[in-house]
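Please read the structure below before turning to the comments.
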Amino acid sequence: MKLTASIATILAVCSLSSIEAAPVAVNATLPHHSAPHVTFPLFHNPKYYPNATRAINSARGKYHKFLKTASTSSFGALPVTDYENDVEYYGTVQVGTPPQNLKLNFDTGSADLWFASTLCTSCGISHTKFNPAKSSTYKSSTGTWKITYGDKSGASGVVGFDTVTLGGVKIQNQGIELAKLESSSFVTDPVDGLVGLAFDSITTAKGVKTPVDNMISQGLISSPVFGVFLGKQSNGGGGEYFFGGINYAHIAGPLTTVPINKSQGFWQIKVAGVSGGDPDSPSSFGPTDAILDTGTTLLLLTDDMAADVANAYNAQDNGDGSFTIGCDTSDYAPLTFTIGGATFSVPPEDLIFQNDGTNCVAGFGYGGLPFAILGDVFLKNNYVVFNQQVPNVQIAPSQ
């Protein structure tokens with residue numbers, strides 16, 4: 001699997017009302033000539049943030065039977081499962097005709113859509129293997145692919161084309177990569193493959209477009225965006241990828257727009273600074289470039305920044321890219337990132353990734369990289385809207 005538990009093993013719609021109505025009881029001593037009445041005072045909702053598109057769509061839905069033309073707005077909501085204390089998140093994707101269900105990890109840090117197949121001799125016994133012979137819409141090709149991730153895991157195989165459905169959005173003639181070989185870490189992984197959501201410039205299957213590319217070009221979604229909400233196992237887990245729009249039910253603050261540098265094919269942003277540690281005298285670090293990557297479990301910082309953050313939280317370097325941290329972080333301040341002029345935090349309790357009852361492994365580490373990777377430790381606390389066409393992202397605290 002992609003970067004997960006320690007760096008040795010890790011590198012091994014909804015709308016919010018702007019008002020709230022509260023009924024007040026009828027006065028028991030009304031004058032005899034007065035009609036009974038109830039008053040409804042209106043209170044300001046501090047969690048409301050205006051959104052014109054949401055308001056228009058709400059009105060269109062309310063008066064839909066009077067519309068002269070059908071709405072072209074469309075989206076797909078795909079729920080994901082939170083696996084083993086937020087290690088990874090996977091959703092069910094339908095491939096082929098009739099559809100075959102596959103559990104796939106959604107990864108904004110890669111661009112290949114691949115999965116186990118009946119052509120595979122090394123794929124895990126527990127994996128569901130896509131059988132191209134059982135799909136009437138499958139088309140073979142002479143293309144091949146091979147991908148290797150940062151933890152040296154990987155897979156390879158052949159390229160085909162078929163119908164793929166994500167959250168109800170049916171993509172025709174989508175390029176798919178059928179695994180014929182998997183590395184050992186994928187053999188034991190609970191997922192059947194990955195859905196890459198980075199830019200198509202880094203796909204290993206030449207000429208193959210990503211699912212989001214095709215959603216846009218085939219006019220399947222009304223907006224070239226997808227919103228990502230990752231839940232926490234401590235709060236019930238789960239999560240959602242929302243293709244074509246934003247699910248405001250998962251947003252707890254204003255969205256901040258941040259430009260993307262896609263020159264390397266990733267969702268790369270600028271982090272102006274990072275702070276944390278002692279709440280009375282927090283330490284500051286940065287700036288740094290960073291990649292928003294749903295396929296990486298931890299926060300991977302540059303080596304120097306990781307050492308500084310570890311020092312601020314009294315964490316000890318384990319020598320493999322991971323840190324041991326005290327299991328009680330309640331006296332510490334959140335780890336806060338300044339991005340696009342706004343701040344986004346990781347609460348102290350989420351700085352603990354693994355707790356064996358005696359020792360704790362930190363949710364941050366390092367891997368000798370010249371940039372940071374804002375993995376699930378960051379993303380399960382902050383909602384991100386990825387806009388592929390601009391390109392940019394919008395970030396807000398999640399709920």
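For the structure tokens, the naming scheme is as follows: chains receive sequential letters (A, B, ...) according to their order of presentation, residues are indexed from 1 within each chain, and ligands are indexed from 1 in presentation order.
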(message) So that I can see what lies close to stretch 285-299 of chain A, please list as a ChimeraX atom specification the residues with an atom at most 6 Å from it, counting only C-alpha atoms and leaving out residues fewer than 6 positions away in the same chain.
(response) /A:3-4,87,107-109,267-274,363-364,371-377
(request) Could you give me, as a ChimeraX atom specification, the residues within 12 Å of A:Asp356, counting only C-alpha atoms and dropping anything in the same chain fewer than 6 positions from it? (result) /A:324-327
Expected file contents, prior selection, all heavy atoms, as a compact mmCIF listing (two decimals), in the first residue's frame:
# COMPACT_ATOMS: atom_id res chain seq x y z
N THR A 324 8.55 8.69 18.23
CA THR A 324 7.79 8.29 19.41
C THR A 324 7.38 9.55 20.14
O THR A 324 8.20 10.45 20.35
CB THR A 324 8.63 7.40 20.34
OG1 THR A 324 8.98 6.19 19.65
CG2 THR A 324 7.86 7.05 21.60
N ILE A 325 6.12 9.65 20.50
CA ILE A 325 5.58 10.85 21.13
C ILE A 325 4.85 10.45 22.40
O ILE A 325 4.35 9.32 22.53
CB ILE A 325 4.63 11.59 20.16
CG1 ILE A 325 4.27 12.98 20.68
CG2 ILE A 325 3.40 10.76 19.85
CD1 ILE A 325 3.50 13.82 19.66
N GLY A 326 4.79 11.35 23.37
CA GLY A 326 4.04 11.08 24.59
C GLY A 326 2.58 10.81 24.28
O GLY A 326 1.99 11.46 23.42
N CYS A 327 1.99 9.86 24.99
CA CYS A 327 0.61 9.46 24.68
C CYS A 327 -0.43 10.46 25.18
O CYS A 327 -1.60 10.39 24.80
CB CYS A 327 0.33 8.08 25.27
SG CYS A 327 1.32 6.76 24.51
(message) I need the residues of stretch 140-243 of chain A that end up classed as strand (DSSP E) by DSSP on the backbone, written out as JSON, numbers by chain.
(response) {"A": [140, 141, 142, 143, 144, 145, 146, 147, 148, 154, 155, 156, 157, 158, 159, 160, 161, 162, 163, 164, 165, 166, 169, 170, 171, 172, 173, 174, 175, 176, 177, 178, 179, 180, 181, 182, 193, 194, 195, 196, 225, 226, 227, 228, 229, 230, 239, 240, 241, 242, 243]}
Quick one: contact table of stretch 228-314 of chain A to stretch 151-174 of chain A, 12 Å max, nearest atom pair and distance in Å to one decimal per residue, counting only C-alpha atoms, chain and number order, as JSON lines?
{"residue": "A:Glu240", "atom": "CA", "partner": "A:Gly167", "partner_atom": "CA", "distance": 9.5}
{"residue": "A:Tyr241", "atom": "CA", "partner": "A:Gly167", "partner_atom": "CA", "distance": 8.1}
{"residue": "A:Phe242", "atom": "CA", "partner": "A:Gly167", "partner_atom": "CA", "distance": 8.0}
{"residue": "A:Phe243", "atom": "CA", "partner": "A:Gly167", "partner_atom": "CA", "distance": 7.8}
{"residue": "A:Gly244", "atom": "CA", "partner": "A:Val169", "partner_atom": "CA", "distance": 9.7}
{"residue": "A:Gly295", "atom": "CA", "partner": "A:Asp151", "partner_atom": "CA", "distance": 11.6}
{"residue": "A:Thr296", "atom": "CA", "partner": "A:Asp151", "partner_atom": "CA", "distance": 10.2}
Keeping C-alpha atoms for every residue in the selection just given, could you write it to a file as a short mmCIF file (atom, residue, chain, number, x, y, z; two decimals), in the first residue's frame?
data_model
loop_
_atom_site.label_atom_id
_atom_site.label_comp_id
_atom_site.auth_asym_id
_atom_site.auth_seq_id
_atom_site.Cartn_x
_atom_site.Cartn_y
_atom_site.Cartn_z
CA GLU A 240 -17.02 10.80 1.08
CA TYR A 241 -15.77 11.80 -2.35
CA PHE A 242 -18.22 14.23 -3.91
CA PHE A 243 -17.70 14.47 -7.68
CA GLY A 244 -19.02 17.58 -9.40
CA GLY A 295 -3.18 8.12 -0.42
CA THR A 296 -0.62 8.88 2.31
#
(request) Determine the nearest neighbour of A:Gln388 from the options A:Thr358, A:Ser283, A:Asn214, A:Thr256, counting only C-alpha atoms. (result) A:Asn214
(request) Calculate how many Å separate atom CA of A:Thr204 from atom CA of A:Asp112, rounding to one decimal. (result)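 The value is 6.7 Å.
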(message) When you look at A:Ser330 with a cut-off of 9 Å (counting only C-alpha atoms), what residues show up, excluding the ones that are within fewer than 3 positions of it in the same chain? I need them as a list in words.
(response)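 Answer for this query is Ala333, Pro348 and Glu349 of chain A.
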Would you output that residue set with all heavy atoms, as a PDB file, in the first residue's frame?
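File result17.pdb, as written:
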ATOM      1  N   ALA A 333      -0.535  22.602  22.028  1.00  0.00           N
ATOM      2  CA  ALA A 333      -1.358  23.336  21.067  1.00  0.00           C
ATOM      3  C   ALA A 333      -1.515  22.508  19.801  1.00  0.00           C
ATOM      4  O   ALA A 333      -0.721  21.606  19.529  1.00  0.00           O
ATOM      5  CB  ALA A 333      -0.696  24.676  20.733  1.00  0.00           C
ATOM      6  N   PRO A 348      -4.204  18.227  18.829  1.00  0.00           N
ATOM      7  CA  PRO A 348      -3.155  17.447  19.495  1.00  0.00           C
ATOM      8  C   PRO A 348      -3.423  15.944  19.520  1.00  0.00           C
ATOM      9  O   PRO A 348      -2.508  15.146  19.341  1.00  0.00           O
ATOM     10  CB  PRO A 348      -3.127  18.026  20.908  1.00  0.00           C
ATOM     11  CG  PRO A 348      -3.670  19.403  20.778  1.00  0.00           C
ATOM     12  CD  PRO A 348      -4.683  19.343  19.676  1.00  0.00           C
ATOM     13  N   GLU A 349      -4.690  15.532  19.702  1.00  0.00           N
ATOM     14  CA  GLU A 349      -4.984  14.102  19.780  1.00  0.00           C
ATOM     15  C   GLU A 349      -4.709  13.381  18.462  1.00  0.00           C
ATOM     16  O   GLU A 349      -4.417  12.186  18.449  1.00  0.00           O
ATOM     17  CB  GLU A 349      -6.432  13.863  20.210  1.00  0.00           C
ATOM     18  CG  GLU A 349      -7.486  14.427  19.279  1.00  0.00           C
ATOM     19  CD  GLU A 349      -7.925  15.843  19.640  1.00  0.00           C
ATOM     20  OE1 GLU A 349      -7.148  16.547  20.308  1.00  0.00           O
ATOM     21  OE2 GLU A 349      -9.053  16.212  19.250  1.00  0.00           O
TER      22      GLU A 349
END
